[in-house]
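Here is work-v1.cif, consisting of mmCIF, C-alpha atoms; chains and numbers go by the auth columns:
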```
data_structure
loop_
_atom_site.group_PDB
_atom_site.id
_atom_site.type_symbol
_atom_site.label_atom_id
_atom_site.label_comp_id
_atom_site.label_asym_id
_atom_site.label_seq_id
_atom_site.Cartn_x
_atom_site.Cartn_y
_atom_site.Cartn_z
_atom_site.B_iso_or_equiv
_atom_site.auth_seq_id
_atom_site.auth_asym_id
ATOM 1 C CA MET A 1 -24.390 116.842 -51.980 0.00 27 A
ATOM 2 C CA ASP A 2 -24.580 120.608 -52.499 0.00 28 A
ATOM 3 C CA GLU A 3 -23.077 123.203 -50.151 0.00 29 A
ATOM 4 C CA GLN A 4 -26.225 123.766 -48.078 0.00 30 A
ATOM 5 C CA GLN A 5 -26.731 120.026 -47.620 0.00 31 A
ATOM 6 C CA TRP A 6 -23.107 119.653 -46.577 0.00 32 A
ATOM 7 C CA ARG A 7 -23.361 122.464 -44.045 0.00 33 A
ATOM 8 C CA ARG A 8 -26.485 120.914 -42.533 0.00 34 A
ATOM 9 C CA TYR A 9 -24.741 117.559 -42.362 0.00 35 A
ATOM 10 C CA ILE A 10 -21.666 119.033 -40.637 0.00 36 A
ATOM 11 C CA ALA A 11 -23.823 120.929 -38.137 0.00 37 A
ATOM 12 C CA ALA A 12 -25.785 117.794 -37.245 0.00 38 A
ATOM 13 C CA TYR A 13 -22.643 115.646 -37.144 0.00 39 A
ATOM 14 C CA HIS A 14 -20.820 117.865 -34.634 0.00 40 A
ATOM 15 C CA GLY A 15 -24.000 118.573 -32.712 0.00 41 A
ATOM 16 C CA ALA A 16 -24.294 114.855 -32.027 0.00 42 A
ATOM 17 C CA ARG A 17 -20.565 114.243 -31.487 0.00 43 A
ATOM 18 C CA PRO A 18 -18.952 117.195 -29.684 0.00 44 A
ATOM 19 C CA GLY A 19 -15.274 116.540 -29.087 0.00 45 A
ATOM 20 C CA ILE A 20 -15.059 113.643 -31.558 0.00 46 A
ATOM 21 C CA THR A 21 -11.805 114.814 -33.182 0.00 47 A
ATOM 22 C CA GLU A 22 -10.127 115.403 -29.837 0.00 48 A
ATOM 23 C CA ARG A 23 -11.177 111.945 -28.635 0.00 49 A
ATOM 24 C CA LEU A 24 -9.855 110.316 -31.808 0.00 50 A
ATOM 25 C CA PHE A 25 -6.505 112.097 -31.508 0.00 51 A
ATOM 26 C CA GLN A 26 -6.196 110.874 -27.932 0.00 52 A
ATOM 27 C CA GLN A 27 -5.792 107.416 -29.495 0.00 53 A
ATOM 28 C CA ALA A 28 -2.670 108.567 -31.376 0.00 54 A
ATOM 29 C CA ASP A 29 0.905 107.771 -30.400 0.00 55 A
ATOM 30 C CA SER A 30 1.514 111.514 -29.999 0.00 56 A
ATOM 31 C CA ASP A 31 -0.832 114.494 -30.020 0.00 57 A
ATOM 32 C CA PRO A 32 -1.391 116.062 -33.470 0.00 58 A
ATOM 33 C CA HIS A 33 -2.768 119.198 -31.815 0.00 59 A
ATOM 34 C CA ALA A 34 0.507 119.588 -29.916 0.00 60 A
ATOM 35 C CA TRP A 35 2.377 119.321 -33.231 0.00 61 A
ATOM 36 C CA LEU A 36 0.259 122.169 -34.584 0.00 62 A
ATOM 37 C CA ALA A 37 0.651 124.237 -31.408 0.00 63 A
ATOM 38 C CA GLU A 38 4.458 124.041 -31.707 0.00 64 A
ATOM 39 C CA SER A 39 4.225 126.100 -34.888 0.00 65 A
ATOM 40 C CA LEU A 40 2.225 128.840 -33.152 0.00 66 A
ATOM 41 C CA LEU A 41 4.904 129.760 -30.629 0.00 67 A
ATOM 42 C CA PRO A 42 6.025 132.307 -29.858 0.00 68 A
ATOM 43 C CA ALA A 43 2.695 133.842 -30.813 0.00 69 A
ATOM 44 C CA GLN A 44 2.915 137.367 -32.178 0.00 70 A
ATOM 45 C CA GLY A 45 -0.436 138.912 -31.286 0.00 71 A
ATOM 46 C CA THR A 46 -3.822 137.322 -30.735 0.00 72 A
ATOM 47 C CA VAL A 47 -4.315 133.679 -31.731 0.00 73 A
ATOM 48 C CA LEU A 48 -7.625 132.933 -33.436 0.00 74 A
ATOM 49 C CA ASP A 49 -8.478 129.222 -33.250 0.00 75 A
ATOM 50 C CA LEU A 50 -10.740 128.761 -36.270 0.00 76 A
ATOM 51 C CA ALA A 51 -13.444 126.069 -36.047 0.00 77 A
ATOM 52 C CA CYS A 52 -11.949 125.280 -32.664 0.00 78 A
ATOM 53 C CA GLY A 53 -14.391 122.538 -31.636 0.00 79 A
ATOM 54 C CA THR A 54 -13.683 121.686 -28.000 0.00 80 A
ATOM 55 C CA ALA A 55 -10.559 123.893 -28.198 0.00 81 A
ATOM 56 C CA PRO A 56 -7.871 121.239 -27.582 0.00 82 A
ATOM 57 C CA THR A 57 -5.110 123.713 -28.473 0.00 83 A
ATOM 58 C CA ARG A 58 -6.146 126.097 -25.682 0.00 84 A
ATOM 59 C CA PRO A 59 -4.360 124.282 -22.811 0.00 85 A
ATOM 60 C CA LEU A 60 -1.312 123.962 -25.070 0.00 86 A
ATOM 61 C CA LEU A 61 -1.108 127.765 -25.377 0.00 87 A
ATOM 62 C CA PRO A 62 -1.787 128.902 -21.796 0.00 88 A
ATOM 63 C CA ASP A 63 0.077 132.195 -21.927 0.00 89 A
ATOM 64 C CA THR A 64 -1.217 133.481 -25.255 0.00 90 A
ATOM 65 C CA ASP A 65 -3.954 135.965 -26.070 0.00 91 A
ATOM 66 C CA TRP A 66 -6.324 133.363 -27.562 0.00 92 A
ATOM 67 C CA ILE A 67 -9.894 133.224 -28.815 0.00 93 A
ATOM 68 C CA GLY A 68 -11.769 130.181 -30.112 0.00 94 A
ATOM 69 C CA VAL A 69 -14.421 130.445 -32.819 0.00 95 A
ATOM 70 C CA ASP A 70 -16.830 127.717 -33.912 0.00 96 A
ATOM 71 C CA SER A 71 -20.319 127.538 -35.386 0.00 97 A
ATOM 72 C CA SER A 72 -21.372 124.534 -33.274 0.00 98 A
ATOM 73 C CA GLU A 73 -23.186 125.361 -30.046 0.00 99 A
ATOM 74 C CA GLU A 74 -22.536 121.842 -28.756 0.00 100 A
ATOM 75 C CA GLU A 75 -18.803 121.924 -29.430 0.00 101 A
ATOM 76 C CA LEU A 76 -18.478 125.306 -27.727 0.00 102 A
ATOM 77 C CA ALA A 77 -20.507 124.119 -24.735 0.00 103 A
ATOM 78 C CA GLU A 78 -18.089 121.227 -24.314 0.00 104 A
ATOM 79 C CA ALA A 79 -15.119 123.605 -24.578 0.00 105 A
ATOM 80 C CA ALA A 80 -16.669 125.934 -21.984 0.00 106 A
ATOM 81 C CA MET A 81 -17.285 123.018 -19.632 0.00 107 A
ATOM 82 C CA ARG A 82 -13.564 122.284 -19.838 0.00 108 A
ATOM 83 C CA GLN A 83 -12.862 125.955 -19.025 0.00 109 A
ATOM 84 C CA ARG A 84 -11.270 126.685 -22.377 0.00 110 A
ATOM 85 C CA GLY A 85 -11.976 130.191 -23.506 0.00 111 A
ATOM 86 C CA PRO A 86 -12.768 132.879 -24.414 0.00 112 A
ATOM 87 C CA LEU A 87 -15.123 131.465 -27.048 0.00 113 A
ATOM 88 C CA LEU A 88 -17.199 132.985 -29.821 0.00 114 A
ATOM 89 C CA ARG A 89 -19.943 131.339 -31.847 0.00 115 A
ATOM 90 C CA ALA A 90 -19.638 132.342 -35.483 0.00 116 A
ATOM 91 C CA SER A 91 -19.288 130.938 -38.968 0.00 117 A
ATOM 92 C CA ALA A 92 -15.789 130.800 -40.454 0.00 118 A
ATOM 93 C CA ASP A 93 -16.978 132.625 -43.587 0.00 119 A
ATOM 94 C CA ALA A 94 -18.391 135.584 -41.600 0.00 120 A
ATOM 95 C CA LEU A 95 -16.136 136.317 -38.642 0.00 121 A
ATOM 96 C CA PRO A 96 -17.312 139.134 -36.321 0.00 122 A
ATOM 97 C CA ILE A 97 -13.714 140.186 -35.767 0.00 123 A
ATOM 98 C CA ALA A 98 -12.058 143.472 -36.700 0.00 124 A
ATOM 99 C CA SER A 99 -9.897 143.536 -39.796 0.00 125 A
ATOM 100 C CA GLY A 100 -6.172 143.308 -39.171 0.00 126 A
ATOM 101 C CA SER A 101 -6.619 142.465 -35.480 0.00 127 A
ATOM 102 C CA ILE A 102 -5.281 138.889 -35.405 0.00 128 A
ATOM 103 C CA GLY A 103 -1.642 137.833 -35.324 0.00 129 A
ATOM 104 C CA VAL A 104 -2.081 134.075 -35.799 0.00 130 A
ATOM 105 C CA VAL A 105 -4.884 131.906 -37.182 0.00 131 A
ATOM 106 C CA SER A 106 -4.819 128.269 -36.129 0.00 132 A
ATOM 107 C CA ALA A 107 -6.865 125.951 -38.356 0.00 133 A
ATOM 108 C CA ALA A 108 -6.893 122.370 -37.100 0.00 134 A
ATOM 109 C CA MET A 109 -8.550 119.785 -39.378 0.00 135 A
ATOM 110 C CA CYS A 110 -11.068 122.292 -40.719 0.00 136 A
ATOM 111 C CA LEU A 111 -9.977 123.710 -44.086 0.00 137 A
ATOM 112 C CA PRO A 112 -10.953 120.587 -46.084 0.00 138 A
ATOM 113 C CA VAL A 113 -14.537 120.820 -44.761 0.00 139 A
ATOM 114 C CA LEU A 114 -15.344 124.532 -44.348 0.00 140 A
ATOM 115 C CA THR A 115 -17.456 125.985 -47.146 0.00 141 A
ATOM 116 C CA PRO A 116 -17.292 128.091 -49.176 0.00 142 A
ATOM 117 C CA LEU A 117 -13.518 127.775 -48.853 0.00 143 A
ATOM 118 C CA SER A 118 -12.796 130.849 -50.964 0.00 144 A
ATOM 119 C CA ARG A 119 -14.819 132.996 -48.573 0.00 145 A
ATOM 120 C CA VAL A 120 -13.200 131.373 -45.518 0.00 146 A
ATOM 121 C CA LEU A 121 -9.746 132.226 -46.877 0.00 147 A
ATOM 122 C CA GLU A 122 -10.902 135.774 -47.581 0.00 148 A
ATOM 123 C CA GLU A 123 -11.982 136.111 -43.955 0.00 149 A
ATOM 124 C CA ILE A 124 -8.670 134.714 -42.705 0.00 150 A
ATOM 125 C CA ARG A 125 -6.812 137.248 -44.843 0.00 151 A
ATOM 126 C CA ARG A 126 -9.090 140.049 -43.639 0.00 152 A
ATOM 127 C CA VAL A 127 -8.648 139.460 -39.902 0.00 153 A
ATOM 128 C CA LEU A 128 -4.899 138.777 -40.067 0.00 154 A
ATOM 129 C CA GLN A 129 -2.374 141.535 -39.636 0.00 155 A
ATOM 130 C CA PRO A 130 0.009 142.004 -42.575 0.00 156 A
ATOM 131 C CA GLY A 131 2.710 139.415 -42.050 0.00 157 A
ATOM 132 C CA GLY A 132 0.404 137.429 -39.749 0.00 158 A
ATOM 133 C CA THR A 133 0.602 133.651 -39.613 0.00 159 A
ATOM 134 C CA LEU A 134 -1.793 130.916 -40.667 0.00 160 A
ATOM 135 C CA ALA A 135 -0.943 127.470 -39.277 0.00 161 A
ATOM 136 C CA ALA A 136 -3.095 124.619 -40.575 0.00 162 A
ATOM 137 C CA LEU A 137 -3.320 120.935 -39.746 0.00 163 A
ATOM 138 C CA VAL A 138 -5.028 118.848 -42.438 0.00 164 A
ATOM 139 C CA PRO A 139 -5.439 115.165 -43.263 0.00 165 A
ATOM 140 C CA ALA A 140 -2.995 114.016 -45.919 0.00 166 A
ATOM 141 C CA GLN A 141 -3.698 111.491 -48.620 0.00 167 A
ATOM 142 C CA SER A 142 -0.076 110.656 -49.380 0.00 168 A
ATOM 143 C CA GLY A 143 2.490 108.977 -47.160 0.00 169 A
ATOM 144 C CA LEU A 144 0.844 105.663 -46.338 0.00 170 A
ATOM 145 C CA SER A 145 2.980 102.539 -46.485 0.00 171 A
ATOM 146 C CA LEU A 146 1.596 99.305 -47.925 0.00 172 A
ATOM 147 C CA THR A 147 0.647 98.305 -44.388 0.00 173 A
ATOM 148 C CA GLY A 148 -1.150 101.614 -43.941 0.00 174 A
ATOM 149 C CA LEU A 149 -3.021 101.239 -47.228 0.00 175 A
ATOM 150 C CA LEU A 150 -4.144 97.760 -46.254 0.00 176 A
ATOM 151 C CA GLY A 151 -5.251 99.013 -42.849 0.00 177 A
ATOM 152 C CA TRP A 152 -7.395 101.762 -44.343 0.00 178 A
ATOM 153 C CA GLY A 153 -8.736 99.306 -46.887 0.00 179 A
ATOM 154 C CA ARG A 154 -9.982 97.262 -43.956 0.00 180 A
ATOM 155 C CA VAL A 155 -11.754 100.377 -42.651 0.00 181 A
ATOM 156 C CA MET A 156 -13.304 101.571 -45.909 0.00 182 A
ATOM 157 C CA LEU A 157 -14.232 98.300 -47.611 0.00 183 A
ATOM 158 C CA PRO A 158 -17.162 97.435 -45.282 0.00 184 A
ATOM 159 C CA LEU A 159 -18.366 101.026 -45.681 0.00 185 A
ATOM 160 C CA ARG A 160 -18.442 100.489 -49.470 0.00 186 A
ATOM 161 C CA THR A 161 -16.888 103.866 -50.080 0.00 187 A
ATOM 162 C CA PRO A 162 -13.343 104.557 -51.296 0.00 188 A
ATOM 163 C CA HIS A 163 -12.891 107.761 -49.296 0.00 189 A
ATOM 164 C CA GLN A 164 -14.539 110.481 -47.277 0.00 190 A
ATOM 165 C CA PRO A 165 -16.385 113.111 -49.368 0.00 191 A
ATOM 166 C CA TRP A 166 -14.160 116.116 -48.678 0.00 192 A
ATOM 167 C CA PRO A 167 -15.773 119.234 -50.197 0.00 193 A
ATOM 168 C CA ASN A 168 -12.298 120.839 -50.445 0.00 194 A
ATOM 169 C CA PRO A 169 -9.888 118.005 -51.340 0.00 195 A
ATOM 170 C CA GLN A 170 -7.429 120.613 -52.646 0.00 196 A
ATOM 171 C CA ALA A 171 -6.961 121.773 -49.029 0.00 197 A
ATOM 172 C CA ARG A 172 -5.172 118.541 -48.124 0.00 198 A
ATOM 173 C CA ASP A 173 -1.905 117.691 -49.888 0.00 199 A
ATOM 174 C CA GLY A 174 -2.425 120.666 -52.204 0.00 200 A
ATOM 175 C CA LEU A 175 -2.828 123.193 -49.392 0.00 201 A
ATOM 176 C CA SER A 176 0.511 124.916 -49.981 0.00 202 A
ATOM 177 C CA ALA A 177 -0.337 125.637 -53.606 0.00 203 A
ATOM 178 C CA LEU A 178 -3.806 126.818 -52.632 0.00 204 A
ATOM 179 C CA LEU A 179 -2.454 129.231 -50.028 0.00 205 A
ATOM 180 C CA SER A 180 0.191 130.552 -52.423 0.00 206 A
ATOM 181 C CA GLU A 181 -2.576 131.338 -54.912 0.00 207 A
ATOM 182 C CA SER A 182 -4.547 133.051 -52.150 0.00 208 A
ATOM 183 C CA GLY A 183 -2.010 135.675 -51.109 0.00 209 A
ATOM 184 C CA PHE A 184 0.067 133.734 -48.560 0.00 210 A
ATOM 185 C CA ARG A 185 3.780 132.991 -48.447 0.00 211 A
ATOM 186 C CA VAL A 186 4.312 129.384 -47.378 0.00 212 A
ATOM 187 C CA ARG A 187 7.051 129.046 -44.756 0.00 213 A
ATOM 188 C CA SER A 188 6.868 125.308 -44.170 0.00 214 A
ATOM 189 C CA ASP A 189 4.961 122.264 -45.378 0.00 215 A
ATOM 190 C CA GLU A 190 5.556 119.066 -43.412 0.00 216 A
ATOM 191 C CA ARG A 191 3.956 115.663 -43.419 0.00 217 A
ATOM 192 C CA ARG A 192 3.964 113.344 -40.424 0.00 218 A
ATOM 193 C CA ILE A 193 2.586 109.848 -40.031 0.00 219 A
ATOM 194 C CA PHE A 194 0.841 109.383 -36.696 0.00 220 A
ATOM 195 C CA ALA A 195 -0.328 105.992 -35.438 0.00 221 A
ATOM 196 C CA LEU A 196 -3.810 105.440 -34.052 0.00 222 A
ATOM 197 C CA ARG A 197 -4.147 102.724 -31.429 0.00 223 A
ATOM 198 C CA ILE A 198 -6.869 100.287 -32.478 0.00 224 A
ATOM 199 C CA GLU A 199 -6.649 97.987 -29.483 0.00 225 A
ATOM 200 C CA SER A 200 -10.291 97.545 -28.460 0.00 226 A
ATOM 201 C CA HIS A 201 -13.858 97.458 -29.743 0.00 227 A
ATOM 202 C CA HIS A 202 -14.278 100.988 -28.343 0.00 228 A
ATOM 203 C CA ALA A 203 -11.326 102.325 -30.354 0.00 229 A
ATOM 204 C CA ALA A 204 -12.650 100.681 -33.513 0.00 230 A
ATOM 205 C CA ALA A 205 -16.112 102.193 -33.035 0.00 231 A
ATOM 206 C CA LEU A 206 -14.602 105.615 -32.287 0.00 232 A
ATOM 207 C CA LEU A 207 -12.606 105.611 -35.514 0.00 233 A
ATOM 208 C CA ILE A 208 -15.624 104.808 -37.677 0.00 234 A
ATOM 209 C CA ASP A 209 -17.719 107.375 -35.819 0.00 235 A
ATOM 210 C CA ALA A 210 -15.054 110.037 -36.446 0.00 236 A
ATOM 211 C CA LEU A 211 -15.303 109.731 -40.247 0.00 237 A
ATOM 212 C CA TYR A 212 -17.477 112.035 -42.357 0.00 238 A
ATOM 213 C CA LEU A 213 -19.814 109.602 -44.125 0.00 239 A
ATOM 214 C CA PRO A 214 -22.990 111.429 -45.171 0.00 240 A
ATOM 215 C CA HIS A 215 -24.042 108.820 -47.746 0.00 241 A
ATOM 216 C CA VAL A 216 -23.237 105.689 -45.742 0.00 242 A
ATOM 217 C CA THR A 217 -26.196 103.833 -44.253 0.00 243 A
ATOM 218 C CA PRO A 218 -26.273 102.812 -40.569 0.00 244 A
ATOM 219 C CA ASP A 219 -26.060 99.117 -41.438 0.00 245 A
ATOM 220 C CA ARG A 220 -22.831 99.659 -43.355 0.00 246 A
ATOM 221 C CA THR A 221 -21.449 101.741 -40.478 0.00 247 A
ATOM 222 C CA GLU A 222 -22.226 98.941 -38.043 0.00 248 A
ATOM 223 C CA ALA A 223 -20.669 96.375 -40.391 0.00 249 A
ATOM 224 C CA ALA A 224 -17.481 98.458 -40.561 0.00 250 A
ATOM 225 C CA GLN A 225 -17.361 98.755 -36.770 0.00 251 A
ATOM 226 C CA ARG A 226 -17.746 94.981 -36.396 0.00 252 A
ATOM 227 C CA SER A 227 -15.081 94.335 -39.020 0.00 253 A
ATOM 228 C CA LEU A 228 -12.597 96.706 -37.421 0.00 254 A
ATOM 229 C CA ALA A 229 -13.390 95.411 -33.925 0.00 255 A
ATOM 230 C CA GLY A 230 -12.408 91.936 -35.105 0.00 256 A
ATOM 231 C CA TRP A 231 -9.065 93.339 -36.258 0.00 257 A
ATOM 232 C CA ALA A 232 -8.408 95.247 -33.009 0.00 258 A
ATOM 233 C CA ARG A 233 -5.924 93.818 -30.550 0.00 259 A
ATOM 234 C CA PRO A 234 -3.178 95.084 -28.193 0.00 260 A
ATOM 235 C CA GLY A 235 -0.409 96.683 -30.223 0.00 261 A
ATOM 236 C CA ARG A 236 -2.578 97.219 -33.308 0.00 262 A
ATOM 237 C CA ARG A 237 -1.899 100.541 -35.038 0.00 263 A
ATOM 238 C CA LEU A 238 -3.454 102.363 -37.994 0.00 264 A
ATOM 239 C CA GLN A 239 -1.375 104.935 -39.845 0.00 265 A
ATOM 240 C CA LEU A 240 -2.752 108.486 -39.885 0.00 266 A
ATOM 241 C CA PRO A 241 -0.933 110.850 -42.285 0.00 267 A
ATOM 242 C CA LEU A 242 -1.327 114.533 -41.461 0.00 268 A
ATOM 243 C CA ARG A 243 0.142 117.675 -42.972 0.00 269 A
ATOM 244 C CA ARG A 244 1.134 120.879 -41.163 0.00 270 A
ATOM 245 C CA VAL A 245 1.380 123.972 -43.322 0.00 271 A
ATOM 246 C CA VAL A 246 2.554 127.315 -41.932 0.00 272 A
ATOM 247 C CA ALA A 247 2.190 130.431 -44.061 0.00 273 A
ATOM 248 C CA GLU A 248 2.279 134.173 -43.599 0.00 274 A
ATOM 249 C CA LEU A 249 0.061 136.797 -45.109 0.00 275 A
ATOM 250 C CA ALA A 250 2.066 138.753 -47.606 0.00 276 A
ATOM 251 C CA ALA A 251 2.208 142.428 -46.684 0.00 277 A
ATOM 252 C CA PRO A 252 0.710 144.745 -49.320 0.00 278 A
ATOM 253 C CA ARG A 253 3.233 146.468 -51.532 0.00 279 A
ATOM 254 C CA PRO A 254 3.627 150.188 -50.863 0.00 280 A
ATOM 255 C CA THR A 255 2.014 152.399 -53.470 0.00 281 A
#
```

Produce C-alpha cells that represent the structure in this file.
Amino acid sequence: MDEQQWRRYIAAYHGARPGITERLFQQADSDPHAWLAESLLPAQGTVLDLACGTAPTRPLLPDTDWIGVDSSEEELAEAAMRQRGPLLRASADALPIASGSIGVVSAAMCLPVLTPLSRVLEEIRRVLQPGGTLAALVPAQSGLSLTGLLGWGRVMLPLRTPHQPWPNPQARDGLSALLSESGFRVRSDERRIFALRIESHHAAALLIDALYLPHVTPDRTEAAQRSLAGWARPGRRLQLPLRRVVAELAAPRPT
C-alpha cells in the first residue's frame, strides 16, 4: 500500500469510526491518555494536540491554552459535540500555525501512522518554540509476557495477519532514536503495560474494530470477532504495551 492509498484508508477508517481509540482506551485498567497528560503539566505555553481525534486529553488539561488539530471532519465533529475545543481541521504535515508559537505538542497514538513522517516531524519542529516539548504516546511492540503474546496470538491468528501494517514502525519502540536524529533531546522514554478488559462480546468486537487492517477481508474480521468473543469472560484481560516519550526541541546554537 503506497502513501496515498494509506492516507485514503486512514481517512475512511476514522470517518466511519470517530472516537474509536478513546472508546478502546476506556476498556483499559487505567487511562493511557491520562498517563500522557501527566507529562504535559505544567504546560509552558500553548498545547497543540496533534491528530487529536475526539480530543480525549482536553478535559484532562482544563486550565491550559490548548488547541486540537485533526484532518478528520468526523472526529472533530465528535470532539465539538463533547464541547472540547478550540479545534482546527488540518493535516499534520501542513499545519496552519505560526512558527515558534507552540510550547507543547501532544501526539497520542499518531506518529506510527501519520505520513510522510519526515514532514510531520519538520512541522512539529517548526511550530515549537526553542526548548519546547513533544510528548508522544505510541504502541510498543516489546514488553509482552508469554500470556500477553498468547492473548495477541488469539487476536491475530483468525485475521491471518501477524501484525498491523504500521507505515512508520520506527516510531514505536525506536521513537527515542528517531527523535534524537530529528533534532530533539529525549528527556524520558517509559514503557507501561496496560490491561484491556475483554469481558463481553462487545469488548471483543471493539478491539478488532480498533485495529488498522486495510488488507483483511470482512469475513476474516468477523471470524476474529467470533473467536475473541468466545474467549471473553469476566476478569479476562489483554496486555497492551504502550510507550511514552518526552523530548524537547534543542535550541539553535548561537552564531

(request) Carefully work through the PyMOL selection byres ((chain A and resi 154) around 9) for this structure and note down the residues it includes, as a list in words. (result) Ser125, Gly126, Ser127, Ile128, Gly129, Val130, Val131, Glu149, Ile150, Arg151, Arg152, Val153, Gln155, Pro156, Gly157, Gly158, Thr159, Leu160 and Leu275 of chain A

(message) Using all atoms listed in the file for the distances, tell me which of A:Pro240, A:Gly169, A:Gly174, A:Gly179 is nearest to Pro193 of chain A.
(response)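 Comparing A:Pro240, A:Gly169, A:Gly174, A:Gly179 against Pro193 of chain A, the winner is A:Pro240.
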
(request) For atom CA of Glu148 of chain A and atom CA of Asp96 of chain A, quote the distance in Å rounded to one decimal. (result)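 Between atom CA of Glu148 of chain A and atom CA of Asp96 of chain A the gap is 16.9 Å.
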
(message) Nearest residue to Pro191 of chain A out of A:Val212, A:Val242, A:Ile123, A:Leu254, using only C-alpha atoms?
(response)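 Once distances to Pro191 of chain A are computed over only C-alpha atoms, the minimum belongs to A:Val242.
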
For Trp92 of chain A, list every protein, DNA or RNA residue within 7 Å, evaluated using only C-alpha atoms, and leave out those in the same chain fewer than 4 positions away; present the list as a PDB file with C-alpha atoms, keeping the file's coordinate frame.
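See around.pdb below for the written result:
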```
ATOM      1  CA  THR A  72      -3.822 137.322 -30.735  1.00  0.00           C
ATOM      2  CA  VAL A  73      -4.315 133.679 -31.731  1.00  0.00           C
ATOM      3  CA  LEU A  74      -7.625 132.933 -33.436  1.00  0.00           C
TER       4      LEU A  74
END
```

Quick check on the file I pasted: which residues fall under the PyMOL selection byres ((chain A and resi 135) around 6)? Write them as a PDB file with C-alpha atoms, keeping the file's coordinate frame.
```pdb
ATOM      1  CA  ALA A 134      -6.893 122.370 -37.100  1.00  0.00           C
ATOM      2  CA  CYS A 136     -11.068 122.292 -40.719  1.00  0.00           C
ATOM      3  CA  LEU A 163      -3.320 120.935 -39.746  1.00  0.00           C
ATOM      4  CA  VAL A 164      -5.028 118.848 -42.438  1.00  0.00           C
TER       5      VAL A 164
END
```

Contacts of Val181 of chain A at 8 Å (only C-alpha atoms; same-chain gap of 5+ positions) as a PDB file with C-alpha atoms, in the coordinates of the input:
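Wrote it out as result_36.pdb, contents follow:
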```pdb
ATOM      1  CA  ILE A 234     -15.624 104.808 -37.677  1.00  0.00           C
ATOM      2  CA  ALA A 250     -17.481  98.458 -40.561  1.00  0.00           C
ATOM      3  CA  SER A 253     -15.081  94.335 -39.020  1.00  0.00           C
ATOM      4  CA  LEU A 254     -12.597  96.706 -37.421  1.00  0.00           C
TER       5      LEU A 254
END
```

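Residues matched by the PyMOL selection byres ((chain A and resi 170) around 12) in this file are Pro165, Ala166, Gln167, Ser168, Gly169, Ser171, Leu172, Thr173, Gly174, Leu175, Leu176, Gly177, Trp178, Gly179, Arg217, Arg218, Ile219, Phe220, Ala221, Leu264, Gln265, Leu266, Pro267 and Leu268 of chain A.
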
(request) Find the distance between atom CA of Thr90 of chain A and atom CA of Ala69 of chain A and write it in Å to one decimal. (result)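 According to the coordinates, atom CA of Thr90 of chain A and atom CA of Ala69 of chain A are separated by 6.8 Å.
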
Axis-aligned box for all listed atoms of segment 230-244 of chain A, 6 Å per side, centre and edges in Å to one decimal, as JSON:
```
{"center_x": -19.4, "center_y": 106.4, "center_z": -40.0, "size_x": 25.7, "size_y": 23.4, "size_z": 27.5}
```
